[in-house]
Each structure stands twice: as C-alpha cells, then as structure tokens.
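With CSV, C-alpha atoms inside, this is start_16.csv:
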```csv
chain,number,residue,atom,x,y,z
J,1,MET,CA,30.6,23.9,-8.8
J,2,ARG,CA,32.4,22.1,-5.9
J,3,ILE,CA,31.0,24.7,-3.5
J,4,PHE,CA,27.5,24.2,-4.9
J,5,TYR,CA,27.8,20.4,-4.2
J,6,ILE,CA,29.1,21.0,-0.7
J,7,LEU,CA,26.2,23.4,0.0
J,8,ILE,CA,23.6,20.9,-1.3
J,9,LEU,CA,25.2,18.1,0.8
J,10,LEU,CA,24.9,20.4,3.9
J,11,LEU,CA,21.3,21.2,3.1
J,12,ALA,CA,20.5,17.5,2.5
J,13,SER,CA,22.2,16.5,5.8
J,14,CYS,CA,20.1,19.1,7.7
J,15,SER,CA,16.9,17.9,5.9
J,16,GLN,CA,17.6,14.3,7.0
J,17,ILE,CA,18.0,15.3,10.6
J,18,THR,CA,14.6,17.0,10.6
J,19,SER,CA,12.9,14.4,8.3
J,20,SER,CA,13.6,11.2,10.2
J,21,PRO,CA,10.3,9.3,10.5
J,22,ASN,CA,10.0,9.9,14.2
J,23,LYS,CA,10.6,13.6,14.1
J,24,ARG,CA,8.7,14.3,10.9
J,25,HIS,CA,5.4,13.1,12.3
J,26,ASP,CA,6.1,13.5,16.0
J,27,VAL,CA,3.0,15.4,16.8
J,28,PHE,CA,2.7,13.7,20.2
J,29,ASP,CA,3.8,16.7,22.3
J,30,ARG,CA,1.2,18.9,20.6
J,31,ILE,CA,-1.5,16.2,21.0
J,32,ILE,CA,-0.7,15.7,24.7
J,33,THR,CA,-0.9,19.5,25.3
J,34,VAL,CA,-4.2,19.8,23.5
J,35,MET,CA,-5.7,16.8,25.2
J,36,GLY,CA,-4.6,18.3,28.5
J,37,THR,CA,-7.2,21.0,28.2
J,38,LYS,CA,-9.5,19.4,25.5
J,39,SER,CA,-10.2,23.0,24.5
J,40,LEU,CA,-11.3,23.8,21.0
J,41,ASP,CA,-9.3,27.1,21.2
J,42,ASP,CA,-6.1,25.1,21.9
J,43,LEU,CA,-6.9,22.7,19.1
J,44,ASN,CA,-7.4,25.5,16.7
J,45,LYS,CA,-4.2,27.3,17.9
J,46,THR,CA,-2.1,24.1,17.7
J,47,PHE,CA,-3.4,22.4,14.5
J,48,GLY,CA,-5.1,25.3,12.7
J,49,LYS,CA,-8.3,25.1,10.6
J,50,PRO,CA,-9.5,21.5,10.0
J,51,ASP,CA,-9.5,20.3,6.4
J,52,GLU,CA,-12.9,18.7,6.8
J,53,ILE,CA,-15.8,18.9,9.3
J,54,VAL,CA,-18.2,16.0,9.6
J,55,GLU,CA,-21.4,16.9,11.5
J,56,PRO,CA,-23.0,14.6,14.0
J,57,THR,CA,-25.8,12.3,13.0
J,58,PRO,CA,-28.6,10.6,15.0
J,59,ASP,CA,-26.4,7.5,15.2
J,60,PHE,CA,-23.1,9.3,16.0
J,61,LYS,CA,-23.2,12.2,18.4
J,62,PHE,CA,-19.7,13.6,17.8
J,63,ARG,CA,-18.6,16.3,15.3
J,64,ILE,CA,-15.4,15.2,13.7
J,65,LEU,CA,-12.7,17.7,12.7
J,66,ARG,CA,-10.3,16.2,10.3
J,67,TYR,CA,-6.7,17.3,9.7
J,68,THR,CA,-5.3,15.7,6.5
J,69,SER,CA,-1.5,16.3,6.7
J,70,THR,CA,-1.2,15.5,10.4
J,71,ARG,CA,-3.6,12.6,10.1
J,72,ILE,CA,-5.5,13.7,13.1
J,73,ASP,CA,-9.3,13.4,13.8
J,74,ALA,CA,-10.7,15.3,16.7
J,75,TYR,CA,-14.1,14.1,17.9
J,76,ILE,CA,-16.0,17.0,19.5
J,77,ASP,CA,-18.6,16.6,22.2
J,78,ILE,CA,-21.1,19.1,20.9
J,79,ARG,CA,-23.0,19.6,24.2
J,80,GLN,CA,-19.8,20.5,26.2
J,81,ASN,CA,-18.1,22.1,23.1
J,82,LYS,CA,-14.9,20.2,24.0
J,83,ILE,CA,-12.8,17.5,22.5
J,84,SER,CA,-14.1,14.1,23.6
J,85,HIS,CA,-11.3,12.0,22.0
J,86,LEU,CA,-8.7,12.3,19.3
J,87,THR,CA,-7.1,9.8,16.9
J,88,LEU,CA,-3.8,9.9,15.1
J,89,PHE,CA,-3.4,7.6,12.0
J,90,TYR,CA,0.3,6.6,12.7
J,91,PHE,CA,1.3,4.1,10.0
J,92,GLU,CA,5.0,5.1,9.8
J,93,ASP,CA,7.6,3.4,7.7
J,94,LEU,CA,9.5,1.8,10.5
J,95,ASP,CA,8.8,-0.8,13.3
J,96,ASN,CA,5.9,1.1,14.8
J,97,TYR,CA,5.8,-0.8,18.0
J,98,THR,CA,9.5,-0.3,18.8
J,99,ALA,CA,9.3,3.4,17.8
J,100,LEU,CA,6.3,4.0,20.1
J,101,LYS,CA,7.9,2.0,22.9
J,102,LYS,CA,11.0,4.2,22.7
J,103,ARG,CA,9.1,7.4,22.3
J,104,PHE,CA,7.1,6.7,25.5
J,105,LYS,CA,9.8,4.9,27.5
J,106,ASN,CA,9.4,7.3,30.4
J,107,TYR,CA,5.7,6.4,30.9
J,108,THR,CA,3.9,3.4,32.3
J,109,TRP,CA,3.2,0.9,29.5
J,110,ILE,CA,0.5,-1.7,29.8
J,111,GLU,CA,-0.4,-4.4,27.3
J,112,GLU,CA,-3.1,-7.0,27.0
J,113,LYS,CA,-3.8,-9.7,24.4
J,114,ILE,CA,-6.7,-9.1,22.1
J,115,PRO,CA,-8.5,-12.4,21.2
J,116,ASP,CA,-7.7,-13.2,17.5
J,117,ASP,CA,-10.7,-13.5,15.2
J,118,LYS,CA,-10.5,-16.8,13.5
J,119,SER,CA,-13.0,-16.0,10.7
J,120,GLY,CA,-10.7,-13.6,8.8
J,121,HIS,CA,-8.3,-14.5,6.0
J,122,VAL,CA,-5.3,-13.1,7.7
J,123,MET,CA,-3.3,-14.4,10.7
J,124,THR,CA,-3.2,-11.9,13.6
J,125,ASP,CA,-1.5,-11.7,16.9
J,126,ARG,CA,-3.0,-8.5,18.3
J,127,TYR,CA,-2.4,-6.6,21.5
J,128,LEU,CA,-3.8,-3.5,23.1
J,129,ALA,CA,-1.1,-1.2,24.4
J,130,LYS,CA,-2.0,1.5,26.9
J,131,VAL,CA,-0.2,4.5,28.3
J,132,PRO,CA,-2.5,5.6,31.1
J,133,GLU,CA,-0.7,8.8,32.1
J,134,ILE,CA,-1.6,10.4,28.8
J,135,ARG,CA,-4.8,8.4,28.2
J,136,MET,CA,-3.3,7.0,25.0
J,137,GLN,CA,-4.0,3.5,23.6
J,138,PHE,CA,-3.5,1.6,20.3
J,139,GLU,CA,-3.7,-1.9,18.9
J,140,TYR,CA,-0.8,-3.6,17.2
J,141,ASP,CA,-0.4,-6.9,15.4
J,142,ASN,CA,2.8,-8.9,15.5
J,143,TYR,CA,1.9,-10.3,12.1
J,144,ALA,CA,1.5,-6.9,10.4
J,145,PRO,CA,4.5,-5.6,8.4
J,146,LYS,CA,6.5,-3.3,10.6
J,147,ARG,CA,3.9,-3.9,13.3
J,148,LYS,CA,2.2,-0.8,11.7
J,149,VAL,CA,-0.3,0.9,13.9
J,150,MET,CA,-3.3,2.4,12.3
J,151,TRP,CA,-5.1,4.6,14.8
J,152,ILE,CA,-3.6,5.8,18.1
J,153,TYR,CA,-6.4,6.9,20.4
J,154,PHE,CA,-6.3,9.7,23.0
J,155,GLU,CA,-9.0,10.4,25.5
V,1,MET,CA,30.8,13.6,-5.7
V,2,LYS,CA,27.6,13.5,-7.8
V,3,TRP,CA,26.8,9.9,-6.8
V,4,LEU,CA,27.5,10.7,-3.1
V,5,LEU,CA,25.0,13.6,-3.5
V,6,VAL,CA,22.4,11.3,-5.1
V,7,LEU,CA,22.9,8.7,-2.3
V,8,ILE,CA,22.6,11.3,0.5
V,9,LEU,CA,19.5,12.9,-1.1
V,10,PHE,CA,17.6,9.7,-1.6
V,11,LYS,CA,18.8,7.8,1.5
V,12,PRO,CA,15.8,8.8,3.7
V,13,PHE,CA,13.4,7.4,1.1
V,14,LEU,CA,15.3,4.2,0.7
V,15,THR,CA,16.1,3.3,4.3
V,16,LEU,CA,12.9,1.7,5.7
V,17,ALA,CA,10.3,1.7,2.9
V,18,CYS,CA,10.7,-2.0,2.0
V,19,LEU,CA,10.2,-2.9,-1.7
V,20,PRO,CA,7.5,-5.4,-2.7
V,21,ASN,CA,10.2,-8.1,-3.0
V,22,GLU,CA,11.5,-7.5,0.5
V,23,ILE,CA,10.4,-8.2,4.0
V,24,HIS,CA,11.0,-6.0,7.1
V,25,ILE,CA,13.3,-7.4,9.7
V,26,ARG,CA,13.0,-6.0,13.2
V,27,GLU,CA,15.9,-4.5,15.2
V,28,GLN,CA,17.6,-7.4,17.0
V,29,TRP,CA,20.3,-8.1,19.5
V,30,ILE,CA,23.0,-10.4,18.2
V,31,ASP,CA,25.0,-12.2,20.8
V,32,THR,CA,28.8,-12.7,20.4
V,33,TYR,CA,29.6,-15.5,18.0
V,34,THR,CA,32.5,-17.0,16.1
V,35,LYS,CA,32.5,-17.2,12.3
V,36,GLU,CA,33.6,-20.4,10.5
V,37,ASP,CA,36.9,-18.8,9.7
V,38,GLY,CA,37.5,-18.1,13.4
V,39,THR,CA,36.7,-14.4,13.5
V,40,LEU,CA,35.1,-13.4,16.7
V,41,VAL,CA,32.1,-11.1,16.3
V,42,SER,CA,31.2,-9.2,19.4
V,43,ALA,CA,27.6,-8.7,20.5
V,44,HIS,CA,25.8,-5.9,18.8
V,45,LYS,CA,22.5,-4.5,18.0
V,46,ARG,CA,21.4,-4.9,14.4
V,47,SER,CA,19.1,-2.1,13.2
V,48,GLU,CA,15.8,-2.9,11.6
V,49,HIS,CA,16.2,-3.3,7.8
V,50,CYS,CA,14.6,-4.7,4.7
V,51,ARG,CA,15.7,-8.2,3.4
V,52,GLU,CA,15.2,-9.2,-0.2
V,53,ILE,CA,13.1,-12.4,-0.7
V,54,ARG,CA,15.2,-14.8,-2.7
V,55,GLY,CA,13.6,-17.3,-4.9
V,56,HIS,CA,10.1,-16.9,-6.3
V,57,ARG,CA,6.8,-18.6,-5.6
V,58,TYR,CA,8.5,-20.6,-2.9
V,59,PHE,CA,6.4,-23.7,-2.4
V,60,GLN,CA,7.1,-25.5,0.9
V,61,ASP,CA,5.8,-28.8,2.0
V,62,SER,CA,6.3,-28.2,5.7
V,63,ASN,CA,6.9,-25.2,8.0
V,64,THR,CA,9.6,-25.0,10.6
V,65,GLU,CA,8.5,-21.7,12.3
V,66,GLU,CA,5.7,-21.7,14.7
V,67,ILE,CA,2.6,-19.8,13.5
V,68,LYS,CA,0.8,-18.7,16.6
V,69,GLY,CA,-2.9,-19.6,16.8
V,70,LEU,CA,-3.0,-21.6,13.5
V,71,LYS,CA,-4.6,-25.1,14.0
V,72,THR,CA,-3.8,-27.2,10.9
V,73,LYS,CA,-1.3,-29.6,9.5
V,74,PHE,CA,0.9,-28.7,6.6
V,75,LYS,CA,1.3,-31.2,3.8
V,76,THR,CA,3.1,-31.8,0.5
V,77,TRP,CA,2.2,-30.0,-2.6
V,78,THR,CA,1.2,-32.0,-5.7
V,79,ASP,CA,2.5,-31.0,-9.1
V,80,LYS,CA,-1.0,-30.2,-10.3
V,81,GLU,CA,-1.7,-28.0,-7.3
V,82,LYS,CA,1.6,-26.1,-7.8
V,83,SER,CA,0.8,-25.6,-11.5
V,84,LEU,CA,-2.6,-24.3,-10.7
V,85,MET,CA,-1.2,-21.9,-8.1
V,86,GLU,CA,1.4,-20.6,-10.6
V,87,THR,CA,-1.3,-19.9,-13.1
V,88,GLU,CA,-3.3,-17.9,-10.6
V,89,ILE,CA,-0.3,-15.9,-9.4
V,90,GLU,CA,0.7,-15.3,-13.0
V,91,ASN,CA,-2.8,-13.8,-13.7
V,92,LEU,CA,-2.7,-11.4,-10.8
V,93,PRO,CA,-3.0,-7.7,-11.5
V,94,VAL,CA,0.5,-6.3,-12.2
V,95,TRP,CA,0.7,-4.3,-8.9
V,96,LEU,CA,-0.2,-7.3,-6.7
V,97,LYS,CA,2.1,-9.6,-8.7
V,98,ARG,CA,5.1,-7.4,-7.6
V,99,TYR,CA,4.6,-8.5,-4.0
V,100,LYS,CA,6.9,-11.5,-3.8
V,101,LEU,CA,5.8,-14.3,-1.4
V,102,SER,CA,8.5,-15.8,0.9
V,103,LYS,CA,6.6,-19.0,1.4
V,104,ILE,CA,3.5,-20.7,-0.1
V,105,LEU,CA,2.4,-23.4,2.3
V,106,ARG,CA,-0.2,-26.2,1.7
V,107,ALA,CA,-2.4,-27.2,4.6
V,108,ASN,CA,-5.4,-29.3,5.6
V,109,GLU,CA,-8.6,-27.6,6.5
V,110,GLU,CA,-8.2,-25.1,9.3
V,111,ILE,CA,-9.7,-26.5,12.5
V,112,GLY,CA,-12.7,-24.3,13.4
V,113,ASN,CA,-12.8,-22.6,10.0
V,114,PRO,CA,-13.3,-25.2,7.3
V,115,ASN,CA,-14.6,-22.7,4.8
V,116,ASN,CA,-11.4,-20.7,4.7
V,117,PRO,CA,-9.7,-21.2,1.3
V,118,ALA,CA,-6.5,-19.3,2.2
V,119,MET,CA,-4.7,-17.2,4.7
V,120,THR,CA,-1.9,-14.7,4.7
V,121,ILE,CA,0.8,-13.6,7.2
V,122,PRO,CA,1.5,-10.2,5.9
V,123,ALA,CA,4.7,-9.6,8.0
V,124,THR,CA,6.5,-12.6,6.5
V,125,LYS,CA,4.7,-12.5,3.2
V,126,THR,CA,3.6,-16.1,3.7
V,127,LEU,CA,0.5,-17.5,2.0
V,128,ILE,CA,-1.2,-20.6,3.3
V,129,ILE,CA,-3.5,-22.6,1.0
V,130,PHE,CA,-6.2,-24.9,2.4
V,131,ASP,CA,-8.1,-27.7,0.8
V,132,LYS,CA,-11.1,-25.5,0.2
V,133,PHE,CA,-9.1,-23.4,-2.3
V,134,PHE,CA,-9.0,-26.2,-4.8
V,135,ARG,CA,-12.7,-26.8,-4.6
V,136,THR,CA,-13.7,-23.2,-5.3
V,137,SER,CA,-14.2,-21.7,-8.7
V,138,LYS,CA,-13.2,-18.3,-7.5
V,139,ARG,CA,-9.5,-19.0,-7.0
V,140,ARG,CA,-8.5,-15.7,-8.6
V,141,ASP,CA,-10.6,-13.7,-6.2
V,142,VAL,CA,-9.1,-15.6,-3.3
V,143,ILE,CA,-5.5,-14.9,-4.4
V,144,VAL,CA,-6.3,-11.2,-5.2
V,145,HIS,CA,-7.8,-10.9,-1.7
V,146,GLU,CA,-4.9,-12.5,0.1
V,147,MET,CA,-2.3,-10.4,-1.8
V,148,ALA,CA,-4.3,-7.3,-0.9
V,149,HIS,CA,-3.8,-8.2,2.7
V,150,ILE,CA,-0.1,-7.8,2.1
V,151,ALA,CA,-0.4,-4.7,-0.1
V,152,ALA,CA,-2.7,-2.9,2.5
V,153,TRP,CA,0.3,-2.2,4.7
V,154,ASP,CA,2.3,-0.6,1.9
V,155,ILE,CA,0.1,2.3,1.0
V,156,ASP,CA,0.6,6.0,1.7
V,157,PRO,CA,-0.9,6.7,5.1
V,158,ILE,CA,-2.8,9.8,4.1
V,159,ILE,CA,-4.5,8.1,1.2
V,160,LEU,CA,-5.2,4.9,3.1
V,161,LYS,CA,-6.7,6.9,6.0
V,162,SER,CA,-8.9,8.7,3.5
V,163,PHE,CA,-10.1,5.4,2.1
V,164,PHE,CA,-11.1,4.1,5.6
V,165,LEU,CA,-12.8,7.4,6.4
V,166,ALA,CA,-14.8,7.2,3.1
V,167,ARG,CA,-15.7,3.6,4.1
V,168,ASP,CA,-17.0,5.2,7.4
V,169,TRP,CA,-14.6,3.7,9.9
V,170,LYS,CA,-14.6,5.9,13.0
V,171,TYR,CA,-14.0,6.0,16.7
V,172,GLN,CA,-16.5,6.1,19.5
V,173,ASP,CA,-15.4,7.2,22.9
V,174,ALA,CA,-13.7,4.7,25.2
V,175,GLY,CA,-11.4,3.7,22.3
V,176,LYS,CA,-14.0,1.7,20.5
V,177,ILE,CA,-13.6,1.5,16.7
V,178,ILE,CA,-16.9,1.4,14.8
V,179,PRO,CA,-17.0,-0.4,11.5
V,180,PRO,CA,-19.1,0.9,8.6
V,181,ALA,CA,-22.9,0.2,9.1
V,182,LYS,CA,-23.2,-1.3,5.7
V,183,THR,CA,-20.7,-3.5,3.9
V,184,MET,CA,-20.9,-5.5,0.7
V,185,ILE,CA,-19.2,-8.5,2.3
V,186,PRO,CA,-20.1,-9.1,6.0
V,187,ASP,CA,-16.6,-9.9,7.2
V,188,SER,CA,-15.5,-6.4,6.1
V,189,LYS,CA,-16.6,-5.3,9.6
V,190,LEU,CA,-13.8,-7.5,11.2
V,191,SER,CA,-11.0,-5.0,10.6
V,192,PRO,CA,-10.0,-2.1,8.3
V,193,SER,CA,-7.5,-4.4,6.5
V,194,GLU,CA,-10.2,-7.0,5.9
V,195,ASP,CA,-12.4,-4.2,4.5
V,196,PHE,CA,-9.6,-3.0,2.2
V,197,SER,CA,-8.9,-6.6,1.0
V,198,ASN,CA,-12.6,-7.2,0.2
V,199,SER,CA,-12.7,-3.9,-1.7
V,200,VAL,CA,-9.7,-4.8,-3.8
V,201,GLU,CA,-11.2,-8.3,-4.5
V,202,LEU,CA,-14.5,-6.6,-5.6
V,203,TYR,CA,-12.7,-4.1,-7.7
V,204,TYR,CA,-11.5,-7.0,-9.9
V,205,SER,CA,-14.6,-9.2,-9.6
V,206,ASP,CA,-17.6,-6.8,-9.5
V,207,ARG,CA,-16.3,-3.3,-10.2
V,208,GLN,CA,-19.6,-1.7,-11.1
V,209,ARG,CA,-21.3,-2.9,-7.9
V,210,LEU,CA,-18.4,-1.7,-5.8
V,211,LYS,CA,-18.7,1.7,-7.5
V,212,ASN,CA,-22.4,1.9,-7.0
V,213,PHE,CA,-22.1,0.9,-3.3
V,214,ASN,CA,-19.8,3.7,-2.3
V,215,LEU,CA,-18.5,6.1,-5.0
V,216,LYS,CA,-16.1,8.0,-2.8
V,217,SER,CA,-14.2,5.0,-1.4
V,218,PHE,CA,-14.3,3.4,-4.9
V,219,GLN,CA,-12.5,6.5,-6.4
V,220,ILE,CA,-9.9,6.5,-3.7
V,221,LEU,CA,-9.3,2.8,-4.2
V,222,GLU,CA,-9.0,3.3,-7.9
V,223,GLU,CA,-6.4,6.1,-7.3
V,224,ILE,CA,-4.4,3.8,-5.0
V,225,ILE,CA,-4.4,1.0,-7.6
V,226,LYS,CA,-3.6,3.3,-10.5
V,227,THR,CA,-0.7,4.8,-8.5
V,228,LYS,CA,0.6,1.4,-7.6
V,229,GLU,CA,0.2,0.2,-11.2
V,230,SER,CA,2.2,3.1,-12.5
V,231,ASN,CA,5.1,2.5,-10.1
V,232,LYS,CA,7.8,0.5,-11.8
```
Would you give me this structure, written as structure tokens?
Amino acid sequence: MRIFYILILLLASCSQITSSPNKRHDVFDRIITVMGTKSLDDLNKTFGKPDEIVEPTPDFKFRILRYTSTRIDAYIDIRQNKISHLTLFYFEDLDNYTALKKRFKNYTWIEEKIPDDKSGHVMTDRYLAKVPEIRMQFEYDNYAPKRKVMWIYFE
Amino acid sequence: MKWLLVLILFKPFLTLACLPNEIHIREQWIDTYTKEDGTLVSAHKRSEHCREIRGHRYFQDSNTEEIKGLKTKFKTWTDKEKSLMETEIENLPVWLKRYKLSKILRANEEIGNPNNPAMTIPATKTLIIFDKFFRTSKRRDVIVHEMAHIAAWDIDPIILKSFFLARDWKYQDAGKIIPPAKTMIPDSKLSPSEDFSNSVELYYSDRQRLKNFNLKSFQILEEIIKTKESNK
C-alpha cells in the first residue's frame, strides 16, 4: 500500500509540473510558428482539424476556423487562402498581465492607454499591450480580476 | 500519508482559482521591515495569492484608496439605504450572492454620467451606489447586473468564449474587435463583459425575450448559471 501511495505521489508531482497554468496552455510557440508562414497546411499540421468552421458573409469577409480546446480562432483570407489573423482566448487563472510580461520578457513590449468608456457600469483602466516582433497585441484592464485578458490577437 | 496525497493532488486546483469570497492579490515586492516584536523581516517577493474577504456587506462612508477616473464624492450611508441594499443583496440569485463584496460605497451622482445607478470594480469586489439607484424601481436588476460584472471573470474560459462567439463577437483584421450587430440593450456593444452582464440581467428580468433573441447564447448562459448554482 505504501508503494502505491509513493507511486501516486510521484505521478501527481509530474502532472503538476506539466499542468502549471503557463505550460498547460502555452501554445504561443506553436502560434508564432504558424503565423510565421500563415499557411493553412501549417495550421492544419499544428492544430489539427477545426471544431467549427464559420463561412464568410457579405458583412464579414473571413472564414473562421475555431479550435475549442486550445481556444484559438483562425481568420482565413479566402482570396489568398492564407491566415489573415488569429486570436487566442487567454483568460488564465493567474495574474495574466504578469504571466504574459514574463513569457515575452525577451521581446520589445509597448503599451498605450485606451480611453475609458464612462457610460458603462464598470470601472476600467485599460491598456493596449503590443509585442511588435511577433505582431501580437492584447488589451488588459487593471480593474479586472487577475488582469484577465480575453483575446490575444496575432497578425 | 493519505492527507498529503489529497493535498498534493488538489493543490493545482486550489492555488490561484480564488473563491467567490476571496480577492486576488498580485505578486508584490515587500521591502525589509521590522515587526512590532523586533523581528527583522528581510525584503522578499510575495507571490500572487487569494485573500479572504472578511466581514460581509461592508458598507463604507468614505474611501481611502484612489479610484482612477471616477469623478464623484463619497458620502455617508443612511440606515434606510443600508436596509434597502441588504434586502436587494439578500434577494440575489444564489450563485451571485456567493460573491462577497469587499466594500459597498455610497456616492453622489457621477459627474458626466448622472443616469448611472451603480458601478463595480471587479478586481477589488467593490460596489459603488449612486443617488439614481434609490430613485429607480429596478433595483434588483441593477444589483444583478453589477454582480454579473464580478462573476464574468470567474467562468470557465472555454464556456465563456463559446458564449461570446454565440453572441457574435469577432475580430476584424488590424486587431479591431467587432461587437454583435444586434443587441437587446445598446450598451452591450461597449465590451464583452458589459454584454455578459446585460444578458445575466435579462435572464432574470425578461427571460423569454432573451431566449427568443438569441437561442444559442441563451442556452450557453443557462448552462453557465446552472453550473454555478450547483457549485456549493
């Protein structure tokens, strides 16, 4: 029985190493690679078959490929048959701003204040953060719990 | 041994997912200081963590911390106002009532926005009540809406994303987010969280209309609410 517990402890330790919030959803390397070529073949090889495909409409010219578990949406330029832009719904359970700042510490990081809309029912202190080298940007709000970031945008 | 095993297995799920009665505290640098008993504590980095909100329905007559961008004056609560607020909070849906507020502040009309009855700071779980709140007959809707602004950040990301997609939030190129073309309440277009809070408000005030307006997003919202309600 003791050996069984020790084995479980070892397995649990290993699972914690791989399931830390940063590592579990760190799909950034894969996104950066795909967005380097913007090729649909690379998208398919990296993320597999999309869970949902939304066809373009007269009002919206992009085809959207949605990947549920990775929370990625790839917007396809149908004329060029390439990825136009891609979003990742981040929303991790930790201080998102700090986590992203640490994750991209080796890149140039630019921030600008976004004017706060006074007509809403919620206080905001919003900023747009940009990492130009990888054409990545996102909005964060100092008044949101854990400064949670909804969409990270890649172009 | 058994308890150690339980602790280790569940630790990843307990670490940073704050409970409804907690607030998240960011990682911070603590300078060297001396305790009252003379113990010297060297400088260190304190990791981000969740802090329990002590007290309940914490009415405050003034505010010591700066609230960036808010133009109003805080004032003293009357007993009648407190009692009215307590009734409204008591009548909240169970899942929203679980979100403890750290402060409930009373303020004059907000300069530039006199029609706003209330405002929330989700990060600190602070609720600000303006004069207009006491003149409206829809006080419950207001409180449900404000509490939904707090709850919005505490939802499973895959489900929340599917709600926003069903509501038709999407991205144009050049990083421009596009709100849904049609909304039941005009200010839903301001932000996804405003849209979510309006939807929760309508779920309790005009459910059938919300359902008829967009069945898919209604069903996802209902799943979110039922899951939250079943969590003890």
Interface residues on chain J facing chain V, 6 Å, all atoms listed in the file, written as an NGL selection string: :J and (12 or 91 or 93-94 or 121-123 or 143-145)
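Shortest atom-to-atom contact with V:Ala107 among V:Ile129, V:Leu19, V:Val144, V:Ile220: V:Ile129, counting only C-alpha atoms.
Computed from the coordinates, the atom CA of J:Ile110 to atom CA of J:Phe138 distance equals 10.8 Å.
Interatomic distance, atom CA of J:His85 against atom CA of J:Lys101: 21.7 Å.
Non-sequential neighbours of V:Ser205 (distance at most 12 Å, separation of 6 or more positions within a chain, all atoms listed in the file) are Pro93, Lys138, Arg139, Arg140, Asp141, Val142, Ile143, Val144, His145, Asn198, Ser199 and Lys211 of chain V.
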Next, the residues of the selection above should be written as a PDB file, in the frame of the given file with C-alpha atoms.
```
ATOM      1  CA  PRO V  93      -3.000  -7.700 -11.500  1.00  0.00           C
ATOM      2  CA  LYS V 138     -13.200 -18.300  -7.500  1.00  0.00           C
ATOM      3  CA  ARG V 139      -9.500 -19.000  -7.000  1.00  0.00           C
ATOM      4  CA  ARG V 140      -8.500 -15.700  -8.600  1.00  0.00           C
ATOM      5  CA  ASP V 141     -10.600 -13.700  -6.200  1.00  0.00           C
ATOM      6  CA  VAL V 142      -9.100 -15.600  -3.300  1.00  0.00           C
ATOM      7  CA  ILE V 143      -5.500 -14.900  -4.400  1.00  0.00           C
ATOM      8  CA  VAL V 144      -6.300 -11.200  -5.200  1.00  0.00           C
ATOM      9  CA  HIS V 145      -7.800 -10.900  -1.700  1.00  0.00           C
ATOM     10  CA  ASN V 198     -12.600  -7.200   0.200  1.00  0.00           C
ATOM     11  CA  SER V 199     -12.700  -3.900  -1.700  1.00  0.00           C
ATOM     12  CA  LYS V 211     -18.700   1.700  -7.500  1.00  0.00           C
TER      13      LYS V 211
END
```
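Atom pair atom CA of V:Phe163 / atom CA of J:Ile78: separated by 25.7 Å.
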Which residues are near J:Phe89? Cut-off 10 Å, all atoms listed in the file, ignore same chain within fewer than 2 positions. Put them as a PDB file with C-alpha atoms, in the frame of the given file.
```
ATOM      1  CA  THR J  68      -5.300  15.700   6.500  1.00  0.00           C
ATOM      2  CA  THR J  70      -1.200  15.500  10.400  1.00  0.00           C
ATOM      3  CA  ARG J  71      -3.600  12.600  10.100  1.00  0.00           C
ATOM      4  CA  ILE J  72      -5.500  13.700  13.100  1.00  0.00           C
ATOM      5  CA  ASP J  73      -9.300  13.400  13.800  1.00  0.00           C
ATOM      6  CA  THR J  87      -7.100   9.800  16.900  1.00  0.00           C
ATOM      7  CA  PHE J  91       1.300   4.100  10.000  1.00  0.00           C
ATOM      8  CA  GLU J  92       5.000   5.100   9.800  1.00  0.00           C
ATOM      9  CA  VAL J 149      -0.300   0.900  13.900  1.00  0.00           C
ATOM     10  CA  MET J 150      -3.300   2.400  12.300  1.00  0.00           C
ATOM     11  CA  TRP J 151      -5.100   4.600  14.800  1.00  0.00           C
ATOM     12  CA  ILE J 152      -3.600   5.800  18.100  1.00  0.00           C
ATOM     13  CA  TYR J 153      -6.400   6.900  20.400  1.00  0.00           C
TER      14      TYR J 153
ATOM     15  CA  PRO V 157      -0.900   6.700   5.100  1.00  0.00           C
ATOM     16  CA  ILE V 158      -2.800   9.800   4.100  1.00  0.00           C
ATOM     17  CA  LEU V 160      -5.200   4.900   3.100  1.00  0.00           C
ATOM     18  CA  LYS V 161      -6.700   6.900   6.000  1.00  0.00           C
TER      19      LYS V 161
END
```
Which of J:Arg63, J:Arg135, J:Arg126, J:Lys148 sits closest to J:Tyr107 [using only C-alpha atoms]: J:Arg135
Excluding V:Met184 and its own-chain neighbours fewer than 4 positions away, which residues fall within 10 Å of it when counting all atoms listed in the file? Please give them as a PDB file with C-alpha atoms, in the coordinates of the input.
```pdb
ATOM      1  CA  SER V 188     -15.500  -6.400   6.100  1.00  0.00           C
ATOM      2  CA  LYS V 189     -16.600  -5.300   9.600  1.00  0.00           C
ATOM      3  CA  ASP V 195     -12.400  -4.200   4.500  1.00  0.00           C
ATOM      4  CA  ASN V 198     -12.600  -7.200   0.200  1.00  0.00           C
ATOM      5  CA  SER V 199     -12.700  -3.900  -1.700  1.00  0.00           C
ATOM      6  CA  LEU V 202     -14.500  -6.600  -5.600  1.00  0.00           C
ATOM      7  CA  ARG V 209     -21.300  -2.900  -7.900  1.00  0.00           C
ATOM      8  CA  LEU V 210     -18.400  -1.700  -5.800  1.00  0.00           C
ATOM      9  CA  PHE V 213     -22.100   0.900  -3.300  1.00  0.00           C
ATOM     10  CA  ASN V 214     -19.800   3.700  -2.300  1.00  0.00           C
TER      11      ASN V 214
END
```
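Between J:Val131 and the residues J:Lys38, J:Lys61, J:Arg147, J:Arg103, the shortest atom-to-atom distance, using all atoms listed in the file, involves J:Arg103.
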Selection near J:Leu43, 9 Å with only C-alpha atoms, sequence-local residues under 4 positions removed, as a ChimeraX atom specification: /J:31,34-35,38-39,47-49,74,83
